[in-house]
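Content type TSV, N, CA and C atoms, from the file final.tsv:
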chain	number	residue	atom	x	y	z
A	1	MET	N	23.57	-2.22	-6.94
A	1	MET	CA	23.42	-1.59	-8.23
A	1	MET	C	24.82	-1.36	-8.80
A	2	THR	N	25.01	-1.72	-10.05
A	2	THR	CA	26.31	-1.53	-10.67
A	2	THR	C	26.36	-0.18	-11.37
A	3	GLU	N	27.55	0.21	-11.75
A	3	GLU	CA	27.72	1.50	-12.41
A	3	GLU	C	27.10	1.53	-13.79
A	4	SER	N	26.93	0.36	-14.42
A	4	SER	CA	26.38	0.33	-15.78
A	4	SER	C	24.86	0.49	-15.81
A	5	GLU	N	24.21	0.29	-14.66
A	5	GLU	CA	22.76	0.44	-14.62
A	5	GLU	C	22.37	1.91	-14.72
A	6	PRO	N	21.34	2.19	-15.49
A	6	PRO	CA	20.92	3.60	-15.60
A	6	PRO	C	20.31	4.07	-14.29
A	7	ARG	N	20.59	5.31	-13.94
A	7	ARG	CA	20.04	5.89	-12.72
A	7	ARG	C	19.19	7.07	-13.11
A	8	ALA	N	18.00	7.11	-12.60
A	8	ALA	CA	17.12	8.24	-12.85
A	8	ALA	C	17.55	9.39	-11.94
A	9	GLU	N	17.09	10.54	-12.27
A	9	GLU	CA	17.42	11.71	-11.47
A	9	GLU	C	16.71	11.65	-10.12
A	10	GLN	N	17.35	12.15	-9.10
A	10	GLN	CA	16.78	12.15	-7.75
A	10	GLN	C	15.50	12.97	-7.69
A	11	SER	N	15.44	14.06	-8.44
A	11	SER	CA	14.25	14.92	-8.39
A	11	SER	C	13.03	14.24	-9.00
A	12	GLU	N	13.24	13.21	-9.84
A	12	GLU	CA	12.12	12.51	-10.47
A	12	GLU	C	11.47	11.51	-9.52
A	13	LEU	N	12.20	11.05	-8.53
A	13	LEU	CA	11.71	10.01	-7.62
A	13	LEU	C	10.75	10.62	-6.61
A	14	ARG	N	9.48	10.26	-6.72
A	14	ARG	CA	8.45	10.80	-5.82
A	14	ARG	C	7.62	9.64	-5.27
A	15	SER	N	7.03	9.88	-4.11
A	15	SER	CA	6.13	8.87	-3.56
A	15	SER	C	4.78	8.95	-4.25
A	16	ALA	N	3.96	7.97	-4.00
A	16	ALA	CA	2.65	7.90	-4.64
A	16	ALA	C	1.78	9.08	-4.20
A	17	ASN	N	0.91	9.49	-5.07
A	17	ASN	CA	-0.02	10.57	-4.75
A	17	ASN	C	-1.02	10.12	-3.69
A	18	TRP	N	-1.57	11.07	-2.97
A	18	TRP	CA	-2.59	10.75	-1.97
A	18	TRP	C	-3.82	10.16	-2.60
A	19	TRP	N	-4.21	10.65	-3.77
A	19	TRP	CA	-5.43	10.14	-4.39
A	19	TRP	C	-5.27	8.68	-4.79
A	20	MET	N	-4.07	8.28	-5.23
A	20	MET	CA	-3.82	6.88	-5.57
A	20	MET	C	-3.90	6.01	-4.31
A	21	SER	N	-3.29	6.50	-3.24
A	21	SER	CA	-3.35	5.77	-1.97
A	21	SER	C	-4.79	5.68	-1.47
A	22	ALA	N	-5.55	6.76	-1.62
A	22	ALA	CA	-6.94	6.78	-1.15
A	22	ALA	C	-7.80	5.80	-1.95
A	23	ILE	N	-7.63	5.79	-3.26
A	23	ILE	CA	-8.41	4.86	-4.09
A	23	ILE	C	-8.12	3.42	-3.69
A	24	LEU	N	-6.83	3.08	-3.58
A	24	LEU	CA	-6.47	1.71	-3.20
A	24	LEU	C	-6.91	1.39	-1.78
A	25	GLY	N	-6.75	2.34	-0.86
A	25	GLY	CA	-7.14	2.10	0.53
A	25	GLY	C	-8.63	1.87	0.69
A	26	VAL	N	-9.44	2.70	0.04
A	26	VAL	CA	-10.90	2.54	0.14
A	26	VAL	C	-11.32	1.24	-0.54
A	27	LEU	N	-10.75	0.96	-1.69
A	27	LEU	CA	-11.11	-0.26	-2.41
A	27	LEU	C	-10.79	-1.50	-1.58
A	28	ILE	N	-9.62	-1.54	-0.99
A	28	ILE	CA	-9.24	-2.70	-0.19
A	28	ILE	C	-9.99	-2.74	1.14
A	29	GLY	N	-10.16	-1.59	1.79
A	29	GLY	CA	-10.87	-1.58	3.07
A	29	GLY	C	-12.31	-2.06	2.95
A	30	VAL	N	-13.01	-1.55	1.97
A	30	VAL	CA	-14.41	-1.96	1.76
A	30	VAL	C	-14.48	-3.42	1.30
A	31	THR	N	-13.60	-3.80	0.40
A	31	THR	CA	-13.61	-5.17	-0.11
A	31	THR	C	-13.33	-6.18	0.99
A	32	MET	N	-12.35	-5.91	1.82
A	32	MET	CA	-12.03	-6.86	2.89
A	32	MET	C	-13.15	-6.95	3.92
A	33	THR	N	-13.83	-5.85	4.15
A	33	THR	CA	-14.96	-5.90	5.08
A	33	THR	C	-16.10	-6.72	4.49
A	34	LEU	N	-16.41	-6.48	3.24
A	34	LEU	CA	-17.53	-7.19	2.63
A	34	LEU	C	-17.23	-8.65	2.36
A	35	ILE	N	-15.99	-9.00	2.07
A	35	ILE	CA	-15.64	-10.41	1.89
A	35	ILE	C	-15.89	-11.18	3.17
A	36	ARG	N	-15.57	-10.57	4.28
A	36	ARG	CA	-15.72	-11.25	5.57
A	36	ARG	C	-17.18	-11.33	6.02
A	37	THR	N	-18.04	-10.41	5.57
A	37	THR	CA	-19.41	-10.37	6.08
A	37	THR	C	-20.47	-10.83	5.08
A	38	GLN	N	-20.21	-10.72	3.79
A	38	GLN	CA	-21.21	-11.05	2.77
A	38	GLN	C	-20.75	-12.26	1.95
A	39	ARG	N	-21.50	-13.33	2.01
A	39	ARG	CA	-21.13	-14.54	1.27
A	39	ARG	C	-21.13	-14.33	-0.24
A	40	ASN	N	-22.12	-13.61	-0.72
A	40	ASN	CA	-22.26	-13.43	-2.16
A	40	ASN	C	-21.20	-12.52	-2.76
A	41	PHE	N	-20.44	-11.85	-1.94
A	41	PHE	CA	-19.42	-10.91	-2.40
A	41	PHE	C	-18.05	-11.57	-2.57
A	42	PHE	N	-17.95	-12.84	-2.22
A	42	PHE	CA	-16.64	-13.48	-2.17
A	42	PHE	C	-15.94	-13.50	-3.53
A	43	ILE	N	-16.60	-13.90	-4.59
A	43	ILE	CA	-15.96	-14.00	-5.92
A	43	ILE	C	-15.59	-12.60	-6.42
A	44	LEU	N	-16.53	-11.66	-6.34
A	44	LEU	CA	-16.24	-10.29	-6.77
A	44	LEU	C	-15.12	-9.68	-5.93
A	45	GLY	N	-15.16	-9.90	-4.64
A	45	GLY	CA	-14.12	-9.37	-3.75
A	45	GLY	C	-12.75	-9.97	-4.05
A	46	ALA	N	-12.72	-11.26	-4.33
A	46	ALA	CA	-11.44	-11.89	-4.70
A	46	ALA	C	-10.92	-11.31	-6.01
A	47	ALA	N	-11.80	-11.03	-6.96
A	47	ALA	CA	-11.39	-10.42	-8.22
A	47	ALA	C	-10.86	-9.00	-7.99
A	48	ILE	N	-11.51	-8.25	-7.13
A	48	ILE	CA	-11.05	-6.88	-6.81
A	48	ILE	C	-9.68	-6.93	-6.16
A	49	LEU	N	-9.49	-7.79	-5.18
A	49	LEU	CA	-8.19	-7.90	-4.51
A	49	LEU	C	-7.10	-8.37	-5.48
A	50	ALA	N	-7.43	-9.30	-6.37
A	50	ALA	CA	-6.46	-9.75	-7.37
A	50	ALA	C	-6.09	-8.59	-8.30
A	51	GLY	N	-7.06	-7.79	-8.68
A	51	GLY	CA	-6.78	-6.62	-9.53
A	51	GLY	C	-5.89	-5.61	-8.84
A	52	VAL	N	-6.15	-5.36	-7.55
A	52	VAL	CA	-5.32	-4.42	-6.80
A	52	VAL	C	-3.90	-4.96	-6.67
A	53	ILE	N	-3.76	-6.23	-6.38
A	53	ILE	CA	-2.43	-6.84	-6.27
A	53	ILE	C	-1.70	-6.76	-7.61
A	54	LEU	N	-2.41	-7.00	-8.70
A	54	LEU	CA	-1.81	-6.90	-10.03
A	54	LEU	C	-1.34	-5.47	-10.33
A	55	VAL	N	-2.19	-4.49	-10.04
A	55	VAL	CA	-1.82	-3.09	-10.28
A	55	VAL	C	-0.61	-2.69	-9.43
A	56	LEU	N	-0.63	-3.04	-8.14
A	56	LEU	CA	0.51	-2.71	-7.28
A	56	LEU	C	1.79	-3.41	-7.73
A	57	GLY	N	1.66	-4.66	-8.15
A	57	GLY	CA	2.82	-5.41	-8.62
A	57	GLY	C	3.41	-4.81	-9.88
A	58	LEU	N	2.55	-4.49	-10.85
A	58	LEU	CA	3.04	-3.89	-12.09
A	58	LEU	C	3.65	-2.51	-11.85
A	59	ARG	N	3.02	-1.73	-10.97
A	59	ARG	CA	3.56	-0.41	-10.66
A	59	ARG	C	4.92	-0.53	-9.96
A	60	THR	N	5.07	-1.50	-9.09
A	60	THR	CA	6.34	-1.72	-8.41
A	60	THR	C	7.42	-2.14	-9.40
A	61	ILE	N	7.09	-3.05	-10.31
A	61	ILE	CA	8.05	-3.49	-11.32
A	61	ILE	C	8.47	-2.30	-12.19
A	62	TYR	N	7.52	-1.48	-12.60
A	62	TYR	CA	7.82	-0.32	-13.43
A	62	TYR	C	8.74	0.66	-12.70
A	63	ARG	N	8.40	0.94	-11.44
A	63	ARG	CA	9.21	1.90	-10.67
A	63	ARG	C	10.61	1.37	-10.43
A	64	ARG	N	10.73	0.09	-10.12
A	64	ARG	CA	12.07	-0.46	-9.86
A	64	ARG	C	12.89	-0.55	-11.13
A	65	SER	N	12.24	-0.72	-12.29
A	65	SER	CA	13.02	-0.72	-13.53
A	65	SER	C	13.46	0.70	-13.89
A	66	ARG	N	12.65	1.67	-13.56
A	66	ARG	CA	12.99	3.06	-13.85
A	66	ARG	C	13.96	3.63	-12.81
A	67	TYR	N	13.82	3.19	-11.57
A	67	TYR	CA	14.68	3.66	-10.48
A	67	TYR	C	15.33	2.45	-9.80
A	68	PRO	N	16.41	1.92	-10.36
A	68	PRO	CA	17.01	0.73	-9.77
A	68	PRO	C	17.53	0.93	-8.35
A	69	GLN	N	17.77	2.17	-7.97
A	69	GLN	CA	18.25	2.43	-6.61
A	69	GLN	C	17.19	2.09	-5.57
A	70	MET	N	15.92	1.96	-5.96
A	70	MET	CA	14.87	1.59	-5.00
A	70	MET	C	15.06	0.17	-4.50
A	71	ALA	N	15.66	-0.68	-5.33
A	71	ALA	CA	15.87	-2.07	-4.93
A	71	ALA	C	16.94	-2.19	-3.85
A	72	GLN	N	17.86	-1.24	-3.78
A	72	GLN	CA	18.92	-1.29	-2.79
A	72	GLN	C	18.66	-0.42	-1.57
A	73	ALA	N	17.51	0.20	-1.50
A	73	ALA	CA	17.22	1.10	-0.38
A	73	ALA	C	17.09	0.30	0.92
A	74	LYS	N	17.71	0.82	1.95
A	74	LYS	CA	17.60	0.20	3.27
A	74	LYS	C	16.27	0.62	3.89
A	75	THR	N	15.61	-0.33	4.53
A	75	THR	CA	14.33	-0.01	5.15
A	75	THR	C	14.57	0.62	6.51
A	76	SER	N	13.69	1.55	6.86
A	76	SER	CA	13.82	2.25	8.13
A	76	SER	C	12.81	1.69	9.12
A	77	TRP	N	12.89	2.15	10.34
A	77	TRP	CA	11.92	1.72	11.36
A	77	TRP	C	10.54	2.25	11.03
A	78	VAL	N	10.46	3.38	10.34
A	78	VAL	CA	9.16	3.94	9.94
A	78	VAL	C	8.48	3.00	8.95
A	79	TYR	N	9.25	2.51	7.99
A	79	TYR	CA	8.73	1.55	7.02
A	79	TYR	C	8.22	0.31	7.74
A	80	GLY	N	9.01	-0.20	8.67
A	80	GLY	CA	8.61	-1.39	9.42
A	80	GLY	C	7.34	-1.17	10.23
A	81	LEU	N	7.22	0.00	10.83
A	81	LEU	CA	6.02	0.31	11.61
A	81	LEU	C	4.77	0.32	10.74
A	82	TRP	N	4.83	1.00	9.60
A	82	TRP	CA	3.66	1.06	8.71
A	82	TRP	C	3.37	-0.29	8.07
A	83	ALA	N	4.41	-1.07	7.78
A	83	ALA	CA	4.19	-2.41	7.23
A	83	ALA	C	3.49	-3.31	8.25
A	84	VAL	N	3.88	-3.20	9.51
A	84	VAL	CA	3.21	-3.97	10.57
A	84	VAL	C	1.74	-3.54	10.69
A	85	LEU	N	1.48	-2.24	10.59
A	85	LEU	CA	0.09	-1.76	10.63
A	85	LEU	C	-0.73	-2.38	9.50
A	86	LEU	N	-0.17	-2.42	8.31
A	86	LEU	CA	-0.88	-3.03	7.17
A	86	LEU	C	-1.14	-4.51	7.42
A	87	LEU	N	-0.16	-5.22	7.98
A	87	LEU	CA	-0.35	-6.64	8.27
A	87	LEU	C	-1.41	-6.86	9.34
A	88	VAL	N	-1.44	-6.01	10.34
A	88	VAL	CA	-2.46	-6.13	11.39
A	88	VAL	C	-3.85	-5.87	10.82
A	89	LEU	N	-3.97	-4.86	9.96
A	89	LEU	CA	-5.27	-4.57	9.34
A	89	LEU	C	-5.73	-5.70	8.45
A	90	ALA	N	-4.80	-6.33	7.75
A	90	ALA	CA	-5.16	-7.41	6.82
A	90	ALA	C	-5.39	-8.74	7.53
A	91	GLY	N	-4.83	-8.92	8.70
A	91	GLY	CA	-4.92	-10.21	9.37
A	91	GLY	C	-5.78	-10.21	10.62
A	92	PRO	N	-5.20	-9.87	11.77
A	92	PRO	CA	-5.93	-9.97	13.03
A	92	PRO	C	-7.22	-9.16	13.10
A	93	VAL	N	-7.24	-7.97	12.51
A	93	VAL	CA	-8.47	-7.17	12.55
A	93	VAL	C	-9.59	-7.91	11.84
A	94	GLN	N	-9.27	-8.59	10.75
A	94	GLN	CA	-10.29	-9.34	10.02
A	94	GLN	C	-10.82	-10.52	10.82
A	95	LEU	N	-9.95	-11.16	11.58
A	95	LEU	CA	-10.35	-12.34	12.34
A	95	LEU	C	-11.03	-12.00	13.65
A	96	ILE	N	-10.60	-10.94	14.30
A	96	ILE	CA	-11.12	-10.62	15.62
A	96	ILE	C	-12.45	-9.88	15.55
A	97	TYR	N	-12.54	-8.89	14.69
A	97	TYR	CA	-13.74	-8.05	14.65
A	97	TYR	C	-14.57	-8.38	13.42
A	98	VAL	N	-15.61	-9.18	13.61
A	98	VAL	CA	-16.53	-9.52	12.53
A	98	VAL	C	-17.75	-8.62	12.69
A	99	ALA	N	-18.00	-7.81	11.69
A	99	ALA	CA	-19.14	-6.89	11.73
A	99	ALA	C	-20.40	-7.62	11.27
A	100	ASP	N	-21.50	-7.41	12.01
A	100	ASP	CA	-22.76	-8.07	11.67
A	100	ASP	C	-23.80	-7.09	11.16
A	101	GLU	N	-23.92	-5.96	11.81
A	101	GLU	CA	-24.95	-4.99	11.44
A	101	GLU	C	-24.38	-3.95	10.47
A	102	LEU	N	-25.29	-3.24	9.81
A	102	LEU	CA	-24.90	-2.29	8.78
A	102	LEU	C	-24.00	-1.18	9.33
A	103	ASP	N	-24.32	-0.65	10.53
A	103	ASP	CA	-23.48	0.41	11.08
A	103	ASP	C	-22.09	-0.11	11.46
A	104	GLU	N	-22.00	-1.36	11.94
A	104	GLU	CA	-20.70	-1.96	12.25
A	104	GLU	C	-19.89	-2.18	10.97
A	105	ILE	N	-20.56	-2.60	9.90
A	105	ILE	CA	-19.89	-2.79	8.61
A	105	ILE	C	-19.35	-1.46	8.10
A	106	ALA	N	-20.14	-0.40	8.24
A	106	ALA	CA	-19.71	0.92	7.78
A	106	ALA	C	-18.51	1.42	8.60
A	107	ILE	N	-18.53	1.23	9.91
A	107	ILE	CA	-17.42	1.66	10.75
A	107	ILE	C	-16.16	0.86	10.43
A	108	LYS	N	-16.30	-0.45	10.29
A	108	LYS	CA	-15.14	-1.28	9.97
A	108	LYS	C	-14.57	-0.91	8.61
A	109	SER	N	-15.43	-0.67	7.63
A	109	SER	CA	-14.97	-0.27	6.30
A	109	SER	C	-14.23	1.05	6.36
A	110	LEU	N	-14.76	1.99	7.12
A	110	LEU	CA	-14.12	3.30	7.26
A	110	LEU	C	-12.76	3.18	7.93
A	111	VAL	N	-12.69	2.44	9.02
A	111	VAL	CA	-11.43	2.27	9.74
A	111	VAL	C	-10.39	1.58	8.85
A	112	LEU	N	-10.80	0.50	8.18
A	112	LEU	CA	-9.86	-0.21	7.30
A	112	LEU	C	-9.42	0.67	6.13
A	113	SER	N	-10.36	1.42	5.55
A	113	SER	CA	-10.02	2.28	4.42
A	113	SER	C	-9.01	3.35	4.81
A	114	VAL	N	-9.25	4.00	5.94
A	114	VAL	CA	-8.31	5.03	6.42
A	114	VAL	C	-6.96	4.40	6.76
A	115	GLY	N	-6.99	3.26	7.42
A	115	GLY	CA	-5.74	2.58	7.78
A	115	GLY	C	-4.93	2.16	6.56
A	116	PHE	N	-5.60	1.57	5.57
A	116	PHE	CA	-4.88	1.16	4.37
A	116	PHE	C	-4.39	2.36	3.56
A	117	THR	N	-5.18	3.42	3.51
A	117	THR	CA	-4.76	4.62	2.79
A	117	THR	C	-3.49	5.20	3.42
A	118	LEU	N	-3.51	5.40	4.72
A	118	LEU	CA	-2.32	5.93	5.42
A	118	LEU	C	-1.15	4.96	5.30
A	119	GLY	N	-1.43	3.68	5.47
A	119	GLY	CA	-0.37	2.68	5.40
A	119	GLY	C	0.31	2.64	4.04
A	120	PHE	N	-0.47	2.58	2.97
A	120	PHE	CA	0.11	2.56	1.63
A	120	PHE	C	0.96	3.79	1.37
A	121	HIS	N	0.41	4.95	1.71
A	121	HIS	CA	1.13	6.19	1.43
A	121	HIS	C	2.42	6.28	2.23
A	122	GLU	N	2.36	5.94	3.49
A	122	GLU	CA	3.54	6.06	4.35
A	122	GLU	C	4.60	5.01	4.05
A	123	VAL	N	4.20	3.80	3.69
A	123	VAL	CA	5.17	2.78	3.30
A	123	VAL	C	5.89	3.23	2.04
A	124	ASP	N	5.14	3.73	1.07
A	124	ASP	CA	5.75	4.20	-0.17
A	124	ASP	C	6.67	5.39	0.08
A	125	ARG	N	6.22	6.29	0.93
A	125	ARG	CA	7.04	7.47	1.25
A	125	ARG	C	8.34	7.07	1.95
A	126	ALA	N	8.27	6.08	2.84
A	126	ALA	CA	9.48	5.62	3.54
A	126	ALA	C	10.47	4.98	2.56
A	127	ILE	N	9.97	4.22	1.60
A	127	ILE	CA	10.85	3.61	0.59
A	127	ILE	C	11.50	4.69	-0.27
A	128	VAL	N	10.70	5.67	-0.69
A	128	VAL	CA	11.23	6.75	-1.54
A	128	VAL	C	12.27	7.57	-0.76
A	129	ASP	N	11.97	7.88	0.49
A	129	ASP	CA	12.93	8.65	1.31
A	129	ASP	C	14.25	7.91	1.48
A	130	SER	N	14.19	6.60	1.74
A	130	SER	CA	15.43	5.85	1.91
A	130	SER	C	16.16	5.70	0.57
A	131	SER	N	15.42	5.66	-0.54
A	131	SER	CA	16.06	5.62	-1.86
A	131	SER	C	16.77	6.93	-2.16
A	132	LYS	N	16.16	8.03	-1.76
A	132	LYS	CA	16.79	9.34	-1.97
A	132	LYS	C	18.06	9.46	-1.14
A	133	LYS	N	18.04	8.88	0.07
A	133	LYS	CA	19.25	8.90	0.90
A	133	LYS	C	20.36	8.08	0.25
A	134	SER	N	19.99	6.96	-0.40
A	134	SER	CA	21.02	6.15	-1.05
A	134	SER	C	21.55	6.83	-2.30
A	135	PHE	N	20.76	7.78	-2.87
A	135	PHE	CA	21.24	8.59	-3.99
A	135	PHE	C	22.46	9.41	-3.58
A	136	LYS	N	22.34	9.97	-2.38
A	136	LYS	CA	23.39	10.87	-1.90
A	136	LYS	C	24.67	10.12	-1.55
A	137	ALA	N	24.51	8.86	-1.17
A	137	ALA	CA	25.68	8.08	-0.76
A	137	ALA	C	26.53	7.64	-1.93

Using the file provided, produce a representation of the structure as structure tokens.
Amino acid sequence: MTESEPRAEQSELRSANWWMSAILGVLIGVTMTLIRTQRNFFILGAAILAGVILVLGLRTIYRRSRYPQMAQAKTSWVYGLWAVLLLVLAGPVQLIYVADELDEIAIKSLVLSVGFTLGFHEVDRAIVDSSKKSFKA
């Protein structure tokens, strides 16, 4: 970041709210479960995932334009740990555990929703914390 770039105040930089993380986590957890188990849900599920990716992308672009110091933040081991959890939930869990019955679908949806909610919130919090540390430097 150069000196000419505008810098927002450190007190303004906050991580995402829990309710935002919960909405995205539940939406993605349920969608990924149903995409894998219900054939008729594939098009709607793909549209939901595309919408979530679009919202997260636009929100990231907005935050990085408002807080350019976020682009230079060093990632911590906490960030890496939560990012790996998100990758495991999105990849191997989907391939290994295929739910067939309604109670298995509900359990898988619940586990994925909680995992994605915690993962999104903690990844965002780790980025914000490391950005705040770079503020002080």

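When all atoms listed in the file are used to measure the gap to Leu49 in chain A, the shortest distance among A:Thr75, A:Leu118, A:Ala83, A:Leu27 belongs to A:Leu27.
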
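Between atom N of Tyr67 in chain A and atom C of Ile48 in chain A there is a distance of 26.2 Å.
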
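In this structure, atom C of Ser131 in chain A sits 15.3 Å away from atom C of Ala16 in chain A.
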
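Across the structure, CA of Val52 in chain A and atom N of Val98 in chain A are spaced 23.3 Å apart.
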
Quick one: axis-aligned box around all listed atoms of range 94-107 of chain A, 6 Å on every side, centre and edge lengths in Å to one decimal, written as AutoDock Vina command-line options.
--center_x -17.3 --center_y -5.3 --center_z 11.7 --size_x 28.0 --size_y 26.0 --size_z 19.8

Counting only C-alpha atoms, the residue of A:Ser113, A:Thr31, A:Ser134, A:Gln72 that sits nearest Gly51 in chain A:
A:Thr31

A:Ser21, A:Phe120, A:Met32, A:Gly57: which is nearest Ala90 in chain A, counting all atoms listed in the file?
A:Met32

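Using only N, CA and C atoms, the smallest distance between any of A:Val30, A:Ala73, A:Pro92, A:Leu24 and Asp129 in chain A comes from A:Ala73.
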
Between A:Ser109, A:Thr37, A:Ser65, A:Ser130, single out the one closest to Tyr79 in chain A, counting only C-alpha atoms.
A:Ser130

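Of the listed residues (A:Thr60, A:Asn17, A:Gln69, A:Thr33), A:Thr33 comes nearest to Ala99 in chain A; the distances count only N, CA and C atoms.
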
Please, which residues of range 3-103 of chain A, numbered as in this document, come out alpha helix (DSSP H) from DSSP, as a VMD selection string?
chain A and resid 18 to 37 42 to 66 77 to 90 92 to 96 102 to 103

Residues at most 6 Å from Ser15 in chain A, counting only N, CA and C atoms, excluding those fewer than 6 positions away in the same chain, as a ChimeraX atom specification?
/A:124-125,128
